[in-house]
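Asker: The structure is given below, and queries will be raised subsequently.
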Amino acid sequence: MDLAKSVLVVVDMQNGFVSSKSAPIVPHVADVVRRWEEVGGATVFTRFVNHPGSPYERLINWSRMQTSPEIDIVDDLVPASRRTVTVLDKPIYSLFTEEGAATVAQHGWTDIVIVGIATESCVLKTACDAFERGLTPWVVKDAVYSHAGQEAHEAGLLVTSRFIGRRQLIDAEDLFSEKLVATA
């Protein structure tokens, strides 16, 4: 992976998605972000923002994630979110809103490295959308999780591996190995 053509996408690390089940992933995500910044990689944060009348509200009766403090980035990642290329507010599961797709294209990123919450929804959808756009998605499996718990997380990893390929699910150590990230 060419670091200059890669972006770390920090998906929805927001107060409303950090539950007792997903809280242990926060330090792992923060560590990946720190290490990514240290090697000079670009970072994008996403924030899911729901709105009244959305399909989430109308079809699945889910009206959370509409206001602060739920939509705010978790405290441990606020400093990094201020150094990012952008914090993209999105009303959909994926990074690839019009603005998100334009940001990726503008920077010429071809590799989309994904960490964050939730493995079975926003992480999965971002990875699949990157794949279908001809980009190379990488899901850092020890830096993603689900606020719904282990079963949903494992299901998300299974489906993601079927959609984008098992080799695209990596550990953080794999990400920073000399074989994967070329920092020259």
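Lettering and numbering for the structure tokens are positional, with chains as A, B, ... in the shown order, residues counted from 1 in each chain, and ligands counted from 1 in the shown order.
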Fewer than 4 positions away in the same chain doesn't count, so skip those; otherwise give me all residues within 9 Å of Ile114 of chain A, counting only C-alpha atoms, as a ChimeraX atom specification.

Answerer: /A:7-11,123,126-127,137-141,143-144

Asker: Next, dump the selected residues to file, keeping only C-alpha atoms, as a PDB file, in the first residue's frame.

Answerer:
ATOM      1  CA  VAL A   7      -6.427   7.259   3.903  1.00  0.00           C
ATOM      2  CA  LEU A   8      -7.373   6.042   7.364  1.00  0.00           C
ATOM      3  CA  VAL A   9     -11.134   6.378   7.782  1.00  0.00           C
ATOM      4  CA  VAL A  10     -12.199   6.571  11.425  1.00  0.00           C
ATOM      5  CA  VAL A  11     -15.840   5.529  11.265  1.00  0.00           C
ATOM      6  CA  VAL A 123     -17.725  -0.231   8.669  1.00  0.00           C
ATOM      7  CA  THR A 126     -17.880   1.801   3.782  1.00  0.00           C
ATOM      8  CA  ALA A 127     -15.719  -1.216   2.889  1.00  0.00           C
ATOM      9  CA  PRO A 137     -10.588  -1.410   1.289  1.00  0.00           C
ATOM     10  CA  TRP A 138      -8.686  -2.631   4.351  1.00  0.00           C
ATOM     11  CA  VAL A 139     -10.597  -3.335   7.571  1.00  0.00           C
ATOM     12  CA  VAL A 140      -8.411  -3.312  10.677  1.00  0.00           C
ATOM     13  CA  LYS A 141     -10.241  -6.091  12.478  1.00  0.00           C
ATOM     14  CA  ALA A 143      -9.770  -1.718  15.655  1.00  0.00           C
ATOM     15  CA  VAL A 144     -13.430  -2.184  14.696  1.00  0.00           C
TER      16      VAL A 144
END

Asker: Mind checking which residues fall within 12 Å of Lys125 of chain A, counting only C-alpha atoms, ignoring those fewer than 2 positions away in the same chain, and posting them as a list in words?

Answerer: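 Skipping anything fewer than 2 positions along the chain leaves Val11, Ile92, Tyr93, Ser94, Leu95, Phe96, Thr97, Ile114, Ile117, Ala118, Thr119, Glu120, Ser121, Cys122, Val123, Ala127, Cys128, Asp129, Ala130, Phe131, Glu132, Pro137, Val139, Gly156, Leu157, Val159, Thr160, Phe163 and Ile164 of chain A.
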
Asker: Give me the residues near Ser22 of chain A as a PyMOL selection string, where near means some atom within 7 Å (using only C-alpha atoms) and where sequence neighbours in that chain fewer than 6 positions away do not count.

Answerer: chain A and resi 145-147+149

Asker: Give me, as number ranges by chain, all polymer residues having an atom no more than 7 Å from segment 35-50 of chain A, counting only C-alpha atoms and skipping those fewer than 2 positions away in the same chain.

Answerer: A: 3, 7-12, 14, 31-33, 54, 64-66, 71, 81, 84-92, 95, 183

Asker: Can you write just those residues out, N, CA and C atoms, as a PDB file, in the first residue's frame?

Answerer:
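To be explicit, this is the file written out as out-v6.pdb:
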ATOM      1  N   LEU A   3       1.403   4.812   1.025  1.00  0.00           N
ATOM      2  CA  LEU A   3       0.838   5.691   2.053  1.00  0.00           C
ATOM      3  C   LEU A   3       0.291   6.983   1.464  1.00  0.00           C
ATOM      4  N   VAL A   7      -5.808   6.451   2.862  1.00  0.00           N
ATOM      5  CA  VAL A   7      -6.427   7.259   3.903  1.00  0.00           C
ATOM      6  C   VAL A   7      -6.957   6.331   4.988  1.00  0.00           C
ATOM      7  N   LEU A   8      -6.774   6.733   6.230  1.00  0.00           N
ATOM      8  CA  LEU A   8      -7.373   6.042   7.364  1.00  0.00           C
ATOM      9  C   LEU A   8      -8.734   6.674   7.619  1.00  0.00           C
ATOM     10  N   VAL A   9      -9.780   5.887   7.529  1.00  0.00           N
ATOM     11  CA  VAL A   9     -11.134   6.378   7.782  1.00  0.00           C
ATOM     12  C   VAL A   9     -11.560   5.897   9.165  1.00  0.00           C
ATOM     13  N   VAL A  10     -11.783   6.849  10.054  1.00  0.00           N
ATOM     14  CA  VAL A  10     -12.199   6.571  11.425  1.00  0.00           C
ATOM     15  C   VAL A  10     -13.718   6.710  11.441  1.00  0.00           C
ATOM     16  N   VAL A  11     -14.394   5.574  11.451  1.00  0.00           N
ATOM     17  CA  VAL A  11     -15.840   5.529  11.265  1.00  0.00           C
ATOM     18  C   VAL A  11     -16.586   5.673  12.588  1.00  0.00           C
ATOM     19  N   ASP A  12     -17.334   6.756  12.705  1.00  0.00           N
ATOM     20  CA  ASP A  12     -18.377   6.933  13.724  1.00  0.00           C
ATOM     21  C   ASP A  12     -17.961   6.633  15.157  1.00  0.00           C
ATOM     22  N   GLN A  14     -18.272   7.894  17.982  1.00  0.00           N
ATOM     23  CA  GLN A  14     -19.112   8.903  18.608  1.00  0.00           C
ATOM     24  C   GLN A  14     -19.667   8.394  19.935  1.00  0.00           C
ATOM     25  N   ASP A  31      -4.922   4.181  19.194  1.00  0.00           N
ATOM     26  CA  ASP A  31      -3.550   3.746  18.916  1.00  0.00           C
ATOM     27  C   ASP A  31      -3.284   3.670  17.420  1.00  0.00           C
ATOM     28  N   VAL A  32      -4.212   3.118  16.655  1.00  0.00           N
ATOM     29  CA  VAL A  32      -4.042   3.052  15.199  1.00  0.00           C
ATOM     30  C   VAL A  32      -3.964   4.456  14.618  1.00  0.00           C
ATOM     31  N   VAL A  33      -4.824   5.348  15.067  1.00  0.00           N
ATOM     32  CA  VAL A  33      -4.799   6.730  14.579  1.00  0.00           C
ATOM     33  C   VAL A  33      -3.446   7.369  14.883  1.00  0.00           C
ATOM     34  N   SER A  54     -35.927  10.415   8.858  1.00  0.00           N
ATOM     35  CA  SER A  54     -34.968   9.602   8.100  1.00  0.00           C
ATOM     36  C   SER A  54     -35.510   8.184   7.919  1.00  0.00           C
ATOM     37  N   ARG A  64     -32.171   7.763  17.441  1.00  0.00           N
ATOM     38  CA  ARG A  64     -30.985   8.240  18.160  1.00  0.00           C
ATOM     39  C   ARG A  64     -30.041   8.961  17.197  1.00  0.00           C
ATOM     40  N   MET A  65     -28.933   9.461  17.746  1.00  0.00           N
ATOM     41  CA  MET A  65     -27.840  10.072  16.983  1.00  0.00           C
ATOM     42  C   MET A  65     -28.285  11.314  16.196  1.00  0.00           C
ATOM     43  N   GLN A  66     -29.106  12.141  16.858  1.00  0.00           N
ATOM     44  CA  GLN A  66     -29.570  13.359  16.200  1.00  0.00           C
ATOM     45  C   GLN A  66     -28.958  14.617  16.791  1.00  0.00           C
ATOM     46  N   ILE A  71     -23.852  12.647  19.088  1.00  0.00           N
ATOM     47  CA  ILE A  71     -23.156  12.697  17.794  1.00  0.00           C
ATOM     48  C   ILE A  71     -21.701  13.152  17.902  1.00  0.00           C
ATOM     49  N   SER A  81      -9.202  14.265  15.723  1.00  0.00           N
ATOM     50  CA  SER A  81     -10.230  14.722  14.777  1.00  0.00           C
ATOM     51  C   SER A  81      -9.990  16.159  14.344  1.00  0.00           C
ATOM     52  N   THR A  84      -7.381  16.091  11.302  1.00  0.00           N
ATOM     53  CA  THR A  84      -7.779  15.272  10.160  1.00  0.00           C
ATOM     54  C   THR A  84      -7.984  16.109   8.896  1.00  0.00           C
ATOM     55  N   VAL A  85      -8.012  15.449   7.757  1.00  0.00           N
ATOM     56  CA  VAL A  85      -8.326  16.128   6.498  1.00  0.00           C
ATOM     57  C   VAL A  85      -9.724  16.727   6.591  1.00  0.00           C
ATOM     58  N   THR A  86     -10.663  15.949   7.117  1.00  0.00           N
ATOM     59  CA  THR A  86     -12.026  16.429   7.313  1.00  0.00           C
ATOM     60  C   THR A  86     -12.748  15.544   8.319  1.00  0.00           C
ATOM     61  N   VAL A  87     -13.764  16.112   8.950  1.00  0.00           N
ATOM     62  CA  VAL A  87     -14.731  15.333   9.712  1.00  0.00           C
ATOM     63  C   VAL A  87     -16.011  15.412   8.898  1.00  0.00           C
ATOM     64  N   LEU A  88     -16.386  14.298   8.332  1.00  0.00           N
ATOM     65  CA  LEU A  88     -17.506  14.236   7.407  1.00  0.00           C
ATOM     66  C   LEU A  88     -18.772  13.804   8.143  1.00  0.00           C
ATOM     67  N   ASP A  89     -19.745  14.687   8.207  1.00  0.00           N
ATOM     68  CA  ASP A  89     -21.049  14.313   8.751  1.00  0.00           C
ATOM     69  C   ASP A  89     -21.816  13.605   7.645  1.00  0.00           C
ATOM     70  N   LYS A  90     -22.421  12.460   7.990  1.00  0.00           N
ATOM     71  CA  LYS A  90     -23.099  11.663   6.976  1.00  0.00           C
ATOM     72  C   LYS A  90     -24.444  11.174   7.499  1.00  0.00           C
ATOM     73  N   PRO A  91     -25.470  11.207   6.654  1.00  0.00           N
ATOM     74  CA  PRO A  91     -26.787  10.710   7.056  1.00  0.00           C
ATOM     75  C   PRO A  91     -27.008   9.258   6.622  1.00  0.00           C
ATOM     76  N   ILE A  92     -25.957   8.595   6.160  1.00  0.00           N
ATOM     77  CA  ILE A  92     -26.044   7.221   5.666  1.00  0.00           C
ATOM     78  C   ILE A  92     -24.971   6.378   6.352  1.00  0.00           C
ATOM     79  N   LEU A  95     -19.092   6.124   4.261  1.00  0.00           N
ATOM     80  CA  LEU A  95     -18.290   7.321   3.997  1.00  0.00           C
ATOM     81  C   LEU A  95     -18.687   7.967   2.672  1.00  0.00           C
ATOM     82  N   THR A 183       6.259   3.791   3.483  1.00  0.00           N
ATOM     83  CA  THR A 183       6.273   5.194   3.899  1.00  0.00           C
ATOM     84  C   THR A 183       7.251   6.049   3.113  1.00  0.00           C
TER      85      THR A 183
END

Asker: Could you jot down the atom CA of Asp75 of chain A to atom CA of Ala30 of chain A separation for me, Å, one decimal place?

Answerer: 10.4 Å

Asker: Could you tell me, as JSON, numbers by chain, which residues of chain A DSSP assigns to alpha helix (DSSP H) when given the backbone?

Answerer: {"A": [25, 26, 27, 28, 29, 30, 31, 32, 33, 34, 35, 36, 37, 38, 55, 56, 57, 58, 59, 60, 78, 79, 80, 81, 82, 98, 99, 100, 101, 102, 103, 104, 105, 106, 107, 124, 125, 126, 127, 128, 129, 130, 131, 132, 150, 151, 152, 153, 154, 155, 156, 157, 158, 159, 160, 161, 162, 163, 164, 172, 173, 174, 175]}

Asker: Using DSSP secondary structure from the backbone, list all strand (DSSP E or B) positions within segment 2-161 of chain A, as an MDAnalysis selection string.

Answerer: chainID A and resid 2 6:11 14 42:48 73 86:90 111:117 136:145
